[in-house]
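One structure is given here, and the rest of the page talks about it.
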Amino acid sequence: GIQVEQSPPDLILQEGANSTLRCNFSDSVNNLQWFHQNPWGQLINLFYIPSGTKQNGRLSATTVATERYSLLYISSSQTTDSGVYFCAVASSGTYKYIFGTGTRLKVLA
Amino acid sequence: DSGVTQTPKHLITATGQRVTLRCSPRSGDLSVYWYQQSLDQGLQFLIQYYNGEERAKGNILERFSAQQFPDLHSELNLSSLELGDSALYFCASSVEGGSQPQHFGDGTRLSIL
């Protein structure tokens with residue numbers, strides 16, 4: 001089945017710093033989403049982005065489907081950005097989302 | 001608030017027992033997904049329903065079953081529970097299936113003693 005790798009596994013930032021999270025996948029996908037799991041365990045949908053670029057405030061994401069990767073950019077990070085960021089993909093012709101192992105982000109005040 | 005409601009929030013039971021987790025999707029969403037999150041397995045897709053019918057099945061054990069009712073709420077039934085079934089169970093919903101963003105409930109934390 002499709003493999004999803006996220007990097008880095010852990011990231012510590014000072015408040016105000018920028019960061020880039022990466023998601024690599026091993027096969028072509030029709031669907032890709034980025035999620036944030038906050039310290040209380042809630043999963044928040046950030047982007048549905050099977051291709052192209054989207055922006056939402058301080059967050060933006062780019063997926064280059066032909067090269068099988070997606071990037072999540074966080075600018076001017078805040079302590080509330082702390083948590084785990086997951087990439088999830090579903091390969092062509094299926095609805096089975098495969099989650100990466102996540103990037104654990106800690107933003108220090 | 002995602003609009004997806006899961007009950008109960010916490011559940012503590014014993015090995016060998018059976019439990020039912022309930023999910024009400026966002027208004028207007030036809031598709032429901034179930035996921036299991038455990039420390040050793042991460043987030044795993046279990047099963048998806050679309051408008052009452054099973055659409056996709058993932059790593060769901062035979063001891064587990066699910067259904068989506070005519071009012072679109074869904075239930076996940078877990079039986080013959082084992083210690084390893086302790087996990088956070090999430091329900092998500094989307095307007096359709098696959099090609100739409102998913103919105104997650106807050107999860108049900110299941111603890112098996």
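Naming works like this for the structure tokens: A, B, ... for the chains as they're shown, residue 1 at the start of each chain, ligands 1 onward in shown order.
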At a cut-off of 9 Å, which residues of chain B touch chain A? Count only C-alpha atoms and give the answer as a PDB file with N, CA, C and O atoms, in the first residue's frame.
```pdb
ATOM      1  N   SER B   2     -16.357  21.486  15.237  1.00  0.00           N
ATOM      2  CA  SER B   2     -16.390  20.939  13.885  1.00  0.00           C
ATOM      3  C   SER B   2     -17.802  20.617  13.429  1.00  0.00           C
ATOM      4  O   SER B   2     -18.038  20.448  12.233  1.00  0.00           O
ATOM      5  N   GLY B  42      -0.483   4.584  15.623  1.00  0.00           N
ATOM      6  CA  GLY B  42      -0.784   5.877  15.033  1.00  0.00           C
ATOM      7  C   GLY B  42      -2.257   5.975  14.662  1.00  0.00           C
ATOM      8  O   GLY B  42      -3.107   5.276  15.216  1.00  0.00           O
ATOM      9  N   LEU B  43      -2.556   6.836  13.690  1.00  0.00           N
ATOM     10  CA  LEU B  43      -3.932   7.026  13.214  1.00  0.00           C
ATOM     11  C   LEU B  43      -4.210   6.053  12.085  1.00  0.00           C
ATOM     12  O   LEU B  43      -3.530   6.078  11.064  1.00  0.00           O
ATOM     13  N   GLN B  44      -5.219   5.215  12.273  1.00  0.00           N
ATOM     14  CA  GLN B  44      -5.533   4.214  11.254  1.00  0.00           C
ATOM     15  C   GLN B  44      -6.983   4.325  10.825  1.00  0.00           C
ATOM     16  O   GLN B  44      -7.889   4.420  11.650  1.00  0.00           O
ATOM     17  N   PHE B  45      -7.179   4.254   9.524  1.00  0.00           N
ATOM     18  CA  PHE B  45      -8.520   4.268   8.942  1.00  0.00           C
ATOM     19  C   PHE B  45      -9.188   2.918   9.200  1.00  0.00           C
ATOM     20  O   PHE B  45      -8.595   1.866   8.954  1.00  0.00           O
ATOM     21  N   LEU B  46     -10.414   2.956   9.684  1.00  0.00           N
ATOM     22  CA  LEU B  46     -11.144   1.716   9.942  1.00  0.00           C
ATOM     23  C   LEU B  46     -12.168   1.443   8.838  1.00  0.00           C
ATOM     24  O   LEU B  46     -12.137   0.385   8.201  1.00  0.00           O
ATOM     25  N   ILE B  47     -13.088   2.381   8.635  1.00  0.00           N
ATOM     26  CA  ILE B  47     -14.174   2.125   7.707  1.00  0.00           C
ATOM     27  C   ILE B  47     -14.847   3.430   7.324  1.00  0.00           C
ATOM     28  O   ILE B  47     -14.789   4.409   8.072  1.00  0.00           O
ATOM     29  N   GLN B  48     -15.442   3.458   6.132  1.00  0.00           N
ATOM     30  CA  GLN B  48     -16.183   4.621   5.658  1.00  0.00           C
ATOM     31  C   GLN B  48     -17.571   4.205   5.188  1.00  0.00           C
ATOM     32  O   GLN B  48     -17.747   3.163   4.538  1.00  0.00           O
ATOM     33  N   ARG B  55     -18.495   2.076   2.005  1.00  0.00           N
ATOM     34  CA  ARG B  55     -17.785   2.462   0.795  1.00  0.00           C
ATOM     35  C   ARG B  55     -16.336   1.971   0.807  1.00  0.00           C
ATOM     36  O   ARG B  55     -15.794   1.636  -0.233  1.00  0.00           O
ATOM     37  N   ALA B  56     -15.697   1.995   1.940  1.00  0.00           N
ATOM     38  CA  ALA B  56     -14.299   1.563   2.001  1.00  0.00           C
ATOM     39  C   ALA B  56     -14.025   0.951   3.359  1.00  0.00           C
ATOM     40  O   ALA B  56     -14.606   1.361   4.367  1.00  0.00           O
ATOM     41  N   LYS B  57     -13.161  -0.043   3.358  1.00  0.00           N
ATOM     42  CA  LYS B  57     -12.820  -0.714   4.606  1.00  0.00           C
ATOM     43  C   LYS B  57     -11.309  -0.724   4.737  1.00  0.00           C
ATOM     44  O   LYS B  57     -10.589  -1.046   3.800  1.00  0.00           O
ATOM     45  N   GLY B  58     -10.852  -0.379   5.909  1.00  0.00           N
ATOM     46  CA  GLY B  58      -9.413  -0.375   6.170  1.00  0.00           C
ATOM     47  C   GLY B  58      -9.027  -1.479   7.116  1.00  0.00           C
ATOM     48  O   GLY B  58      -9.497  -2.608   7.008  1.00  0.00           O
ATOM     49  N   LEU B  88      -7.962   6.031  21.142  1.00  0.00           N
ATOM     50  CA  LEU B  88      -8.871   7.140  20.872  1.00  0.00           C
ATOM     51  C   LEU B  88      -9.543   6.831  19.539  1.00  0.00           C
ATOM     52  O   LEU B  88      -8.856   6.577  18.542  1.00  0.00           O
ATOM     53  N   PHE B  90     -11.889   8.123  16.569  1.00  0.00           N
ATOM     54  CA  PHE B  90     -12.411   9.336  15.963  1.00  0.00           C
ATOM     55  C   PHE B  90     -13.434   8.998  14.883  1.00  0.00           C
ATOM     56  O   PHE B  90     -13.288   8.026  14.137  1.00  0.00           O
ATOM     57  N   GLY B  97     -17.616  11.654  -0.448  1.00  0.00           N
ATOM     58  CA  GLY B  97     -16.591  10.728   0.011  1.00  0.00           C
ATOM     59  C   GLY B  97     -15.291  10.960  -0.709  1.00  0.00           C
ATOM     60  O   GLY B  97     -15.273  11.128  -1.908  1.00  0.00           O
ATOM     61  N   GLY B  98     -14.212  10.983   0.021  1.00  0.00           N
ATOM     62  CA  GLY B  98     -12.895  10.999  -0.596  1.00  0.00           C
ATOM     63  C   GLY B  98     -12.424  12.370  -1.039  1.00  0.00           C
ATOM     64  O   GLY B  98     -11.414  12.875  -0.581  1.00  0.00           O
ATOM     65  N   SER B  99     -13.151  12.999  -1.928  1.00  0.00           N
ATOM     66  CA  SER B  99     -12.652  14.223  -2.541  1.00  0.00           C
ATOM     67  C   SER B  99     -13.124  15.476  -1.821  1.00  0.00           C
ATOM     68  O   SER B  99     -13.262  16.526  -2.421  1.00  0.00           O
ATOM     69  N   GLN B 100     -13.422  15.349  -0.565  1.00  0.00           N
ATOM     70  CA  GLN B 100     -13.864  16.498   0.211  1.00  0.00           C
ATOM     71  C   GLN B 100     -13.103  16.523   1.520  1.00  0.00           C
ATOM     72  O   GLN B 100     -12.683  15.499   2.016  1.00  0.00           O
ATOM     73  N   PRO B 101     -12.904  17.721   2.103  1.00  0.00           N
ATOM     74  CA  PRO B 101     -12.228  17.772   3.398  1.00  0.00           C
ATOM     75  C   PRO B 101     -13.051  17.064   4.465  1.00  0.00           C
ATOM     76  O   PRO B 101     -14.280  17.087   4.434  1.00  0.00           O
ATOM     77  N   GLN B 102     -12.334  16.426   5.385  1.00  0.00           N
ATOM     78  CA  GLN B 102     -12.973  15.721   6.490  1.00  0.00           C
ATOM     79  C   GLN B 102     -12.929  16.577   7.748  1.00  0.00           C
ATOM     80  O   GLN B 102     -11.940  17.247   8.010  1.00  0.00           O
ATOM     81  N   HIS B 103     -14.002  16.514   8.509  1.00  0.00           N
ATOM     82  CA  HIS B 103     -14.084  17.249   9.764  1.00  0.00           C
ATOM     83  C   HIS B 103     -14.278  16.239  10.879  1.00  0.00           C
ATOM     84  O   HIS B 103     -15.174  15.392  10.800  1.00  0.00           O
ATOM     85  N   PHE B 104     -13.425  16.350  11.887  1.00  0.00           N
ATOM     86  CA  PHE B 104     -13.369  15.339  12.931  1.00  0.00           C
ATOM     87  C   PHE B 104     -14.140  15.731  14.183  1.00  0.00           C
ATOM     88  O   PHE B 104     -14.166  16.910  14.571  1.00  0.00           O
ATOM     89  N   GLY B 105     -14.739  14.725  14.815  1.00  0.00           N
ATOM     90  CA  GLY B 105     -15.272  14.897  16.153  1.00  0.00           C
ATOM     91  C   GLY B 105     -14.141  14.895  17.158  1.00  0.00           C
ATOM     92  O   GLY B 105     -12.969  14.713  16.803  1.00  0.00           O
ATOM     93  N   ASP B 106     -14.492  15.086  18.428  1.00  0.00           N
ATOM     94  CA  ASP B 106     -13.485  15.162  19.480  1.00  0.00           C
ATOM     95  C   ASP B 106     -12.983  13.802  19.941  1.00  0.00           C
ATOM     96  O   ASP B 106     -12.066  13.710  20.746  1.00  0.00           O
ATOM     97  N   GLY B 107     -13.615  12.748  19.442  1.00  0.00           N
ATOM     98  CA  GLY B 107     -13.138  11.409  19.764  1.00  0.00           C
ATOM     99  C   GLY B 107     -13.766  10.804  20.994  1.00  0.00           C
ATOM    100  O   GLY B 107     -14.320  11.506  21.849  1.00  0.00           O
TER     101      GLY B 107
END
```
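Residues in contact with A:Arg58 at up to 7 Å, not including ones fewer than 6 positions away on its chain and judged by only C-alpha atoms, are Ile74, Ser75 and Ser76 of chain A.
As for atom CA of B:Tyr89 and atom CA of B:Trp34, they are spaced 7.2 Å apart.
Of the residues listed (A:Ser70, A:Thr103, A:Ser51, A:Thr20), A:Thr103 shows the shortest atom-to-atom separation from A:Pro8; distances use only C-alpha atoms.
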*Near B:Cys23, within 10 Å and counting only C-alpha atoms, which residues show up once chain neighbours fewer than 4 positions away are dropped, as a VMD selection string?*
chain B and resid 4 to 8 32 to 34 68 72 to 76 90 to 93 105 107 to 108
Restrict the selected residues to N, CA and C atoms and save them as a CSV table (one decimal), in the first residue's frame.
```csv
chain,number,residue,atom,x,y,z
B,4,VAL,N,-19.2,17.8,14.3
B,4,VAL,CA,-19.3,16.4,14.4
B,4,VAL,C,-19.4,16.0,15.9
B,5,THR,N,-20.4,15.3,16.3
B,5,THR,CA,-20.6,14.9,17.7
B,5,THR,C,-20.3,13.5,17.9
B,6,GLN,N,-19.5,13.2,18.9
B,6,GLN,CA,-19.2,11.8,19.3
B,6,GLN,C,-19.6,11.6,20.7
B,7,THR,N,-20.2,10.5,21.0
B,7,THR,CA,-20.5,10.1,22.4
B,7,THR,C,-20.2,8.6,22.6
B,8,PRO,N,-19.8,8.2,23.8
B,8,PRO,CA,-19.4,9.1,24.9
B,8,PRO,C,-18.0,9.7,24.7
B,32,VAL,N,-19.3,9.3,6.5
B,32,VAL,CA,-18.8,9.1,7.8
B,32,VAL,C,-17.6,8.2,7.8
B,33,TYR,N,-16.5,8.6,8.5
B,33,TYR,CA,-15.3,7.8,8.5
B,33,TYR,C,-15.1,7.5,10.0
B,34,TRP,N,-14.5,6.3,10.3
B,34,TRP,CA,-14.0,5.9,11.6
B,34,TRP,C,-12.5,5.7,11.6
B,68,GLN,N,-24.2,2.8,9.3
B,68,GLN,CA,-24.7,4.2,9.2
B,68,GLN,C,-26.3,4.1,9.0
B,72,LEU,N,-28.3,9.2,9.1
B,72,LEU,CA,-26.9,9.4,8.8
B,72,LEU,C,-26.0,9.4,10.0
B,73,HIS,N,-26.5,9.2,11.2
B,73,HIS,CA,-25.6,8.9,12.3
B,73,HIS,C,-25.0,7.5,12.1
B,74,SER,N,-23.9,7.4,12.8
B,74,SER,CA,-23.2,6.1,12.6
B,74,SER,C,-22.8,5.5,14.0
B,75,GLU,N,-22.7,4.2,14.1
B,75,GLU,CA,-22.3,3.6,15.3
B,75,GLU,C,-21.1,2.6,15.0
B,76,LEU,N,-20.2,2.6,15.9
B,76,LEU,CA,-19.1,1.6,15.8
B,76,LEU,C,-19.2,0.7,16.9
B,90,PHE,N,-11.9,8.1,16.6
B,90,PHE,CA,-12.4,9.3,16.0
B,90,PHE,C,-13.4,9.0,14.9
B,91,CYS,N,-14.4,9.9,14.8
B,91,CYS,CA,-15.3,9.9,13.7
B,91,CYS,C,-15.1,11.2,12.9
B,92,ALA,N,-15.2,11.1,11.6
B,92,ALA,CA,-15.1,12.3,10.8
B,92,ALA,C,-16.2,12.2,9.7
B,93,SER,N,-16.6,13.4,9.2
B,93,SER,CA,-17.6,13.4,8.2
B,93,SER,C,-17.2,14.4,7.1
B,105,GLY,N,-14.7,14.7,14.8
B,105,GLY,CA,-15.3,14.9,16.2
B,105,GLY,C,-14.1,14.9,17.2
B,107,GLY,N,-13.6,12.7,19.4
B,107,GLY,CA,-13.1,11.4,19.8
B,107,GLY,C,-13.8,10.8,21.0
B,108,THR,N,-13.7,9.5,21.1
B,108,THR,CA,-14.1,8.7,22.2
B,108,THR,C,-12.8,8.0,22.7
```
